$ cat input.csv   # CSV, C-alpha atoms
chain,number,residue,atom,x,y,z
A,1,MET,CA,145.6,87.7,43.2
A,2,ILE,CA,143.2,89.4,40.7
A,3,LEU,CA,142.6,87.7,37.4
A,4,LYS,CA,142.4,90.1,34.4
A,5,THR,CA,142.3,88.1,31.2
A,6,LEU,CA,142.5,84.5,30.1
A,7,GLU,CA,143.2,83.3,26.6
A,8,LEU,CA,142.6,79.7,25.5
A,9,HIS,CA,143.9,78.3,22.3
A,10,ASN,CA,143.1,74.6,21.6
A,11,TYR,CA,142.7,74.0,25.3
A,12,ARG,CA,140.3,71.0,25.6
A,13,CYS,CA,136.9,72.2,24.2
A,14,TYR,CA,138.0,75.8,23.5
A,15,LYS,CA,139.5,76.6,20.1
A,16,ASP,CA,140.2,80.3,20.5
A,17,SER,CA,138.6,82.2,23.4
A,18,ILE,CA,139.5,85.3,25.3
A,19,ILE,CA,137.8,86.1,28.7
A,20,GLU,CA,138.1,89.4,30.5
A,21,PHE,CA,137.3,89.1,34.2
A,22,PRO,CA,135.3,91.9,35.7
A,23,THR,CA,136.1,93.3,39.1
A,24,GLY,CA,134.5,91.5,42.0
A,25,ILE,CA,133.3,88.0,42.5
A,26,VAL,CA,132.9,86.0,39.3
A,27,GLY,CA,130.4,83.2,38.9
A,28,ILE,CA,130.7,80.8,36.0
A,29,VAL,CA,127.3,79.4,35.1
A,30,GLY,CA,126.3,77.0,32.3
A,31,LYS,CA,124.9,73.6,31.3
A,32,ASN,CA,126.7,70.4,32.1
A,33,GLY,CA,129.5,69.8,29.7
A,34,ALA,CA,129.7,73.5,28.6
A,35,GLY,CA,133.3,73.9,29.8
A,36,LYS,CA,132.9,75.6,33.2
A,37,SER,CA,135.4,73.3,35.0
A,38,THR,CA,137.7,73.5,32.0
A,39,LEU,CA,138.0,77.2,32.5
A,40,ILE,CA,139.0,76.8,36.1
A,41,GLU,CA,141.4,74.0,35.3
A,42,SER,CA,143.0,76.1,32.5
A,43,ILE,CA,143.8,78.8,35.1
A,44,GLY,CA,145.4,76.2,37.3
A,45,TRP,CA,147.3,74.6,34.4
A,46,CYS,CA,148.7,78.0,33.3
A,47,LEU,CA,149.9,78.8,36.8
A,48,TYR,CA,151.1,75.3,37.9
A,49,GLY,CA,151.5,73.2,34.8
A,50,ASN,CA,150.5,69.6,34.2
A,51,SER,CA,150.2,68.8,37.9
A,52,ALA,CA,147.1,71.0,38.0
A,53,SER,CA,145.4,69.1,35.1
A,54,ARG,CA,142.9,66.3,35.7
A,55,THR,CA,144.3,64.2,32.9
A,56,ASP,CA,147.5,63.4,31.1
A,57,LYS,CA,148.9,66.3,29.1
A,58,LYS,CA,148.2,64.5,25.8
A,59,GLU,CA,144.5,64.9,26.6
A,60,ILE,CA,144.7,68.7,27.1
A,61,ARG,CA,145.0,69.8,23.5
A,62,ARG,CA,141.6,70.1,21.8
A,63,SER,CA,140.7,66.8,20.3
A,64,ASN,CA,140.0,68.0,16.7
A,65,SER,CA,143.0,70.2,16.5
A,66,ARG,CA,145.8,69.3,14.1
A,67,PRO,CA,149.0,67.8,15.6
A,68,GLU,CA,151.0,70.9,14.5
A,69,GLU,CA,148.6,73.2,16.3
A,70,SER,CA,149.8,74.1,19.8
A,71,CYS,CA,147.7,74.2,22.9
A,72,LYS,CA,148.3,77.5,24.7
A,73,VAL,CA,146.9,79.4,27.7
A,74,ILE,CA,147.8,83.0,28.5
A,75,LEU,CA,146.8,84.4,31.9
A,76,GLU,CA,147.2,88.0,32.9
A,77,LEU,CA,146.7,88.8,36.6
A,78,ILE,CA,147.6,91.3,39.3
A,79,LEU,CA,149.7,90.0,42.2
A,80,GLY,CA,150.7,92.5,44.8
A,81,ASP,CA,152.0,95.5,42.9
A,82,ASP,CA,152.9,93.5,39.8
A,83,SER,CA,151.0,92.8,36.6
A,84,ILE,CA,152.0,89.3,35.6
A,85,ARG,CA,151.6,87.5,32.3
A,86,ILE,CA,152.0,83.8,32.1
A,87,GLU,CA,152.1,81.7,28.9
A,88,ARG,CA,152.0,77.9,29.0
A,89,GLU,CA,152.0,75.9,25.9
A,90,LEU,CA,152.1,72.3,24.5
A,91,LYS,CA,153.6,72.0,21.1
A,92,GLY,CA,153.9,69.4,18.4
A,93,ARG,CA,153.2,65.7,18.2
A,94,ASN,CA,155.3,65.1,21.4
A,95,PHE,CA,153.3,67.7,23.4
A,96,GLN,CA,156.5,69.5,24.4
A,97,ASP,CA,155.9,71.8,27.4
A,98,TYR,CA,156.9,75.5,27.2
A,99,ALA,CA,156.3,78.3,29.8
A,100,LYS,CA,157.3,81.9,30.3
A,101,LEU,CA,156.4,84.6,32.7
A,102,SER,CA,156.8,88.4,32.4
A,103,ILE,CA,156.1,91.2,34.7
A,104,ASN,CA,154.8,94.7,34.3
A,105,GLY,CA,154.5,94.7,30.5
A,106,ASP,CA,158.2,93.8,29.9
A,107,SER,CA,158.5,92.0,26.5
A,108,GLU,CA,161.3,89.8,27.8
A,109,PRO,CA,160.3,87.1,30.3
A,110,ILE,CA,161.9,87.1,33.7
A,111,VAL,CA,161.3,83.3,34.1
A,112,THR,CA,161.3,80.7,31.4
A,113,GLY,CA,160.8,76.9,31.6
A,114,THR,CA,157.9,74.9,32.9
A,115,THR,CA,159.4,74.0,36.3
A,116,GLU,CA,160.9,77.5,36.8
A,117,VAL,CA,157.5,79.3,36.1
A,118,THR,CA,155.7,76.9,38.4
A,119,ASN,CA,158.2,77.4,41.2
A,120,TYR,CA,158.0,81.2,40.7
A,121,VAL,CA,154.2,81.1,41.1
A,122,ILE,CA,154.4,78.9,44.2
A,123,GLN,CA,157.0,81.3,45.7
A,124,ARG,CA,155.0,84.4,45.0
A,125,THR,CA,151.6,83.1,46.0
A,126,GLY,CA,152.7,80.8,48.8
A,127,MET,CA,150.4,78.1,47.3
A,128,ASP,CA,150.8,75.0,45.3
A,129,HIS,CA,148.1,73.9,42.9
A,130,THR,CA,146.1,72.0,45.6
A,131,ALA,CA,146.1,75.0,47.9
A,132,PHE,CA,145.1,77.2,45.0
A,133,PHE,CA,142.1,75.2,44.0
A,134,THR,CA,140.9,74.7,47.5
A,135,SER,CA,141.3,78.4,48.6
A,136,ILE,CA,140.6,80.5,45.6
A,137,PHE,CA,137.8,78.6,43.8
A,138,ALA,CA,134.7,77.1,45.4
A,139,ARG,CA,132.4,74.7,43.6
A,140,GLN,CA,128.7,74.9,44.2
A,141,LYS,CA,128.7,71.7,46.4
A,142,GLU,CA,131.5,73.1,48.5
A,143,LEU,CA,129.7,76.4,49.0
A,144,ASN,CA,126.5,74.6,50.1
A,145,ALA,CA,128.5,72.4,52.5
A,146,LEU,CA,130.3,75.5,54.0
A,147,SER,CA,127.1,77.4,54.4
A,148,ASP,CA,125.6,74.5,56.3
A,149,LEU,CA,128.4,74.4,58.9
A,150,GLN,CA,128.1,76.0,62.3
A,151,PRO,CA,130.2,79.3,62.6
A,152,ALA,CA,132.9,77.6,64.9
A,153,LYS,CA,133.5,74.8,62.3
A,154,ARG,CA,133.6,77.4,59.5
A,155,ARG,CA,136.3,79.3,61.4
A,156,LYS,CA,138.3,76.1,61.9
A,157,ILE,CA,138.3,75.5,58.1
A,158,ASP,CA,139.6,79.1,57.6
A,159,SER,CA,142.3,78.7,60.3
A,160,PRO,CA,145.9,79.4,59.3
A,161,PRO,CA,147.4,76.3,57.6
A,162,LEU,CA,151.1,75.7,58.5
A,163,GLY,CA,151.7,79.2,59.8
A,164,ARG,CA,150.0,81.1,57.0
A,165,GLU,CA,147.5,83.9,57.6
A,166,PRO,CA,143.8,82.9,57.3
A,167,LEU,CA,142.4,83.1,53.8
A,168,LEU,CA,140.8,86.3,52.7
A,169,PRO,CA,137.1,86.1,51.8
A,170,LYS,CA,136.8,85.4,48.0
A,171,ALA,CA,135.2,88.8,47.4
A,172,CYS,CA,138.3,90.5,48.8
A,173,LEU,CA,140.7,88.4,46.7
A,174,ARG,CA,138.9,89.4,43.5
A,175,SER,CA,138.2,93.0,44.4
A,176,GLY,CA,141.8,93.8,45.5
A,177,GLU,CA,140.6,95.0,48.9
A,178,THR,CA,143.2,95.2,51.6
A,179,ARG,CA,143.3,92.7,54.5
A,180,ALA,CA,142.2,95.4,56.9
A,181,GLY,CA,139.1,96.1,54.8
A,182,CYS,CA,138.3,92.4,54.5
A,183,ASP,CA,138.7,91.8,58.2
A,184,ARG,CA,136.2,94.6,58.8
A,185,ALA,CA,133.8,92.9,56.4
A,186,ARG,CA,133.9,89.6,58.3
$ encode --input "input.csv" --output "structure tokens"
Amino acid sequence: MILKTLELHNYRCYKDSIIEFPTGIVGIVGKNGAGKSTLIESIGWCLYGNSASRTDKKEIRRSNSRPEESCKVILELILGDDSIRIERELKGRNFQDYAKLSINGDSEPIVTGTTEVTNYVIQRTGMDHTAFFTSIFARQKELNALSDLQPAKRRKIDSPPLGREPLLPKACLRSGETRAGCDRAR
């Protein structure tokens, strides 16, 4: 999975933001409360819906937005040979959920509905939101703890869960490098 762009509209502390991800490893740096964790959460929310949020959906929409303004996250990414665009939105006073997913620039979505989009993402990636957060993103504390482990314990953490292949190094996930190239880098 290679992230390309992320658009946030009335998502928590972000009013209207567009982020283009460069190739390679991406570090998010900023002061406490600047919105670093919110960026990561917004990616998970777009992929997996409300189950990936740390709060109830009523707290996701930016606090000083008007009730008629929707909260929307658009994520564009590369997965295998496909360019995927996912839009997830909360609308109105009742925070009605909407989601759609399109592939390879098609204007018509191939999947619509919050559950259907989430299930498609799980099927394509082989990960639910918990596996996604623990395998794709590493918080500073987790990186420090991992670097302090002995090599044998580090390998055990990267062992195949439930018959899946070991996780690729994060640099390979973001650079699009093949498994063979990443295995040589280990």
$ residues_around --input "input.csv" --residues "segment 110-114 of chain A" --least-positions-apart "2" --cutoff "8 Å" --atoms "all atoms listed in the file" --output "compact mmCIF listing (two decimals) with C-alpha atoms, keeping the file's coordinate frame"
# COMPACT_ATOMS: atom_id res chain seq x y z
CA GLY A 49 151.50 73.20 34.80
CA ARG A 88 152.00 77.90 29.00
CA ASP A 97 155.90 71.80 27.40
CA TYR A 98 156.90 75.50 27.20
CA ALA A 99 156.30 78.30 29.80
CA LYS A 100 157.30 81.90 30.30
CA LEU A 101 156.40 84.60 32.70
CA SER A 102 156.80 88.40 32.40
CA ILE A 103 156.10 91.20 34.70
CA GLU A 108 161.30 89.80 27.80
CA GLU A 116 160.90 77.50 36.80
CA VAL A 117 157.50 79.30 36.10
CA THR A 118 155.70 76.90 38.40
CA TYR A 120 158.00 81.20 40.70
$ residues_around --input "input.csv" --residues "segment 56-67 of chain A" --least-positions-apart "3" --cutoff "10 Å" --atoms "all atoms listed in the file" --output "PDB file with C-alpha atoms, keeping the file's coordinate frame"
ATOM      1  CA  HIS A   9     143.900  78.300  22.300  1.00  0.00           C
ATOM      2  CA  ASN A  10     143.100  74.600  21.600  1.00  0.00           C
ATOM      3  CA  TYR A  11     142.700  74.000  25.300  1.00  0.00           C
ATOM      4  CA  ARG A  12     140.300  71.000  25.600  1.00  0.00           C
ATOM      5  CA  CYS A  13     136.900  72.200  24.200  1.00  0.00           C
ATOM      6  CA  TYR A  14     138.000  75.800  23.500  1.00  0.00           C
ATOM      7  CA  LYS A  15     139.500  76.600  20.100  1.00  0.00           C
ATOM      8  CA  THR A  38     137.700  73.500  32.000  1.00  0.00           C
ATOM      9  CA  SER A  42     143.000  76.100  32.500  1.00  0.00           C
ATOM     10  CA  TRP A  45     147.300  74.600  34.400  1.00  0.00           C
ATOM     11  CA  GLY A  49     151.500  73.200  34.800  1.00  0.00           C
ATOM     12  CA  ASN A  50     150.500  69.600  34.200  1.00  0.00           C
ATOM     13  CA  SER A  51     150.200  68.800  37.900  1.00  0.00           C
ATOM     14  CA  SER A  53     145.400  69.100  35.100  1.00  0.00           C
ATOM     15  CA  SER A  70     149.800  74.100  19.800  1.00  0.00           C
ATOM     16  CA  CYS A  71     147.700  74.200  22.900  1.00  0.00           C
ATOM     17  CA  LYS A  72     148.300  77.500  24.700  1.00  0.00           C
ATOM     18  CA  GLU A  89     152.000  75.900  25.900  1.00  0.00           C
ATOM     19  CA  LEU A  90     152.100  72.300  24.500  1.00  0.00           C
ATOM     20  CA  LYS A  91     153.600  72.000  21.100  1.00  0.00           C
ATOM     21  CA  GLY A  92     153.900  69.400  18.400  1.00  0.00           C
ATOM     22  CA  ARG A  93     153.200  65.700  18.200  1.00  0.00           C
ATOM     23  CA  ASN A  94     155.300  65.100  21.400  1.00  0.00           C
ATOM     24  CA  PHE A  95     153.300  67.700  23.400  1.00  0.00           C
ATOM     25  CA  GLN A  96     156.500  69.500  24.400  1.00  0.00           C
ATOM     26  CA  ASP A  97     155.900  71.800  27.400  1.00  0.00           C
TER      27      ASP A  97
END
$ atom_distance --input "input.csv" --atom1 "atom CA of Val121 of chain A" --atom2 "atom CA of Leu47 of chain A"
6.5 Å
$ atom_distance --input "input.csv" --atom1 "atom CA of Pro109 of chain A" --atom2 "atom CA of Pro22 of chain A"
26.0 Å
$ closest_residue --input "input.csv" --among "A:Ile84, A:Ile19, A:Ile122, A:Ile78" --to "Thr5 of chain A" --atoms "all atoms listed in the file"
A:Ile19
$ atom_distance --input "input.csv" --atom1 "atom CA of His129 of chain A" --atom2 "atom CA of Gly105 of chain A"
25.0 Å
$ closest_residue --input "input.csv" --among "A:Ile86, A:Ile74, A:Asp81, A:Gly126" --to "Leu8 of chain A" --atoms "all atoms listed in the file"
A:Ile74
$ closest_residue --input "input.csv" --among "A:Ser37, A:Arg54, A:Leu77, A:Phe133" --to "Thr23 of chain A" --atoms "all atoms listed in the file"
A:Leu77
$ closest_residue --input "input.csv" --among "A:Gly80, A:Gly30, A:Gly44, A:Gly35" --to "Asp128 of chain A" --atoms "only C-alpha atoms"
A:Gly44
$ closest_residue --input "input.csv" --among "A:Glu7, A:Asn104, A:Glu41, A:Pro151" --to "Leu79 of chain A" --atoms "only C-alpha atoms"
A:Asn104
$ decode --input "input.csv" --residues "segment 51-62 of chain A" --atoms "all heavy atoms" --output "short mmCIF file (atom, residue, chain, number, x, y, z; two decimals), in the first residue's frame"
data_model
loop_
_atom_site.label_atom_id
_atom_site.label_comp_id
_atom_site.auth_asym_id
_atom_site.auth_seq_id
_atom_site.Cartn_x
_atom_site.Cartn_y
_atom_site.Cartn_z
N SER A 51 -15.01 2.20 13.31
CA SER A 51 -14.28 1.28 14.21
C SER A 51 -12.82 1.69 14.38
O SER A 51 -12.18 1.32 15.36
CB SER A 51 -14.38 -0.16 13.70
OG SER A 51 -13.73 -0.27 12.45
N ALA A 52 -12.28 2.46 13.44
CA ALA A 52 -10.88 2.90 13.51
C ALA A 52 -10.73 4.24 14.22
O ALA A 52 -9.62 4.74 14.36
CB ALA A 52 -10.30 2.99 12.10
N SER A 53 -11.83 4.81 14.67
CA SER A 53 -11.78 6.11 15.36
C SER A 53 -11.60 5.91 16.85
O SER A 53 -12.10 4.93 17.42
CB SER A 53 -13.07 6.88 15.09
OG SER A 53 -13.10 8.06 15.84
N ARG A 54 -10.94 6.84 17.49
CA ARG A 54 -10.73 6.75 18.94
C ARG A 54 -11.91 7.28 19.73
O ARG A 54 -11.90 7.22 20.96
CB ARG A 54 -9.43 7.45 19.33
CG ARG A 54 -9.42 8.92 19.02
CD ARG A 54 -8.06 9.56 19.30
NE ARG A 54 -8.13 10.96 18.93
CZ ARG A 54 -7.28 11.56 18.14
NH1 ARG A 54 -6.27 10.89 17.65
NH2 ARG A 54 -7.42 12.83 17.84
N THR A 55 -12.90 7.85 19.06
CA THR A 55 -14.08 8.39 19.74
C THR A 55 -15.34 8.02 18.97
O THR A 55 -15.28 7.48 17.87
CB THR A 55 -14.02 9.93 19.83
OG1 THR A 55 -14.03 10.46 18.50
CG2 THR A 55 -12.79 10.41 20.58
N ASP A 56 -16.45 8.40 19.52
CA ASP A 56 -17.73 8.26 18.85
C ASP A 56 -17.74 9.13 17.59
O ASP A 56 -17.09 10.18 17.55
CB ASP A 56 -18.85 8.70 19.80
CG ASP A 56 -20.22 8.53 19.21
OD1 ASP A 56 -20.66 7.38 19.06
OD2 ASP A 56 -20.84 9.57 18.86
N LYS A 57 -18.49 8.72 16.58
CA LYS A 57 -18.49 9.47 15.31
C LYS A 57 -18.97 10.91 15.48
O LYS A 57 -18.60 11.78 14.70
CB LYS A 57 -19.31 8.74 14.25
CG LYS A 57 -20.80 8.71 14.48
CD LYS A 57 -21.49 7.96 13.36
CE LYS A 57 -22.97 7.95 13.50
NZ LYS A 57 -23.60 7.25 12.37
N LYS A 58 -19.76 11.19 16.51
CA LYS A 58 -20.24 12.56 16.72
C LYS A 58 -19.12 13.52 17.11
O LYS A 58 -19.28 14.73 17.02
CB LYS A 58 -21.35 12.57 17.77
CG LYS A 58 -22.60 11.88 17.29
CD LYS A 58 -23.66 11.84 18.34
CE LYS A 58 -24.88 11.11 17.78
NZ LYS A 58 -25.89 10.89 18.79
N GLU A 59 -17.99 12.98 17.51
CA GLU A 59 -16.86 13.82 17.89
C GLU A 59 -15.81 13.95 16.78
O GLU A 59 -14.79 14.60 16.97
CB GLU A 59 -16.21 13.24 19.15
CG GLU A 59 -17.14 13.28 20.35
CD GLU A 59 -16.54 12.62 21.57
OE1 GLU A 59 -15.32 12.75 21.76
OE2 GLU A 59 -17.29 11.98 22.32
N ILE A 60 -16.08 13.34 15.64
CA ILE A 60 -15.11 13.38 14.53
C ILE A 60 -15.20 14.70 13.77
O ILE A 60 -14.18 15.27 13.40
CB ILE A 60 -15.32 12.17 13.59
CG1 ILE A 60 -14.96 10.88 14.32
CG2 ILE A 60 -14.49 12.32 12.32
CD1 ILE A 60 -15.27 9.62 13.55
N ARG A 61 -16.42 15.18 13.55
CA ARG A 61 -16.57 16.44 12.80
C ARG A 61 -15.98 17.59 13.60
O ARG A 61 -16.17 17.69 14.81
CB ARG A 61 -18.04 16.71 12.48
CG ARG A 61 -18.20 17.93 11.59
CD ARG A 61 -19.59 18.09 11.01
NE ARG A 61 -20.60 18.13 12.05
CZ ARG A 61 -21.88 17.83 11.83
NH1 ARG A 61 -22.28 17.47 10.64
NH2 ARG A 61 -22.73 17.88 12.81
N ARG A 62 -15.27 18.46 12.91
CA ARG A 62 -14.61 19.62 13.53
C ARG A 62 -15.59 20.38 14.41
O ARG A 62 -16.72 20.66 14.03
CB ARG A 62 -14.06 20.53 12.43
CG ARG A 62 -13.09 21.60 12.90
CD ARG A 62 -12.45 22.31 11.72
NE ARG A 62 -13.43 22.94 10.86
CZ ARG A 62 -13.90 24.17 11.03
NH1 ARG A 62 -13.45 24.91 12.00
NH2 ARG A 62 -14.80 24.67 10.21
#
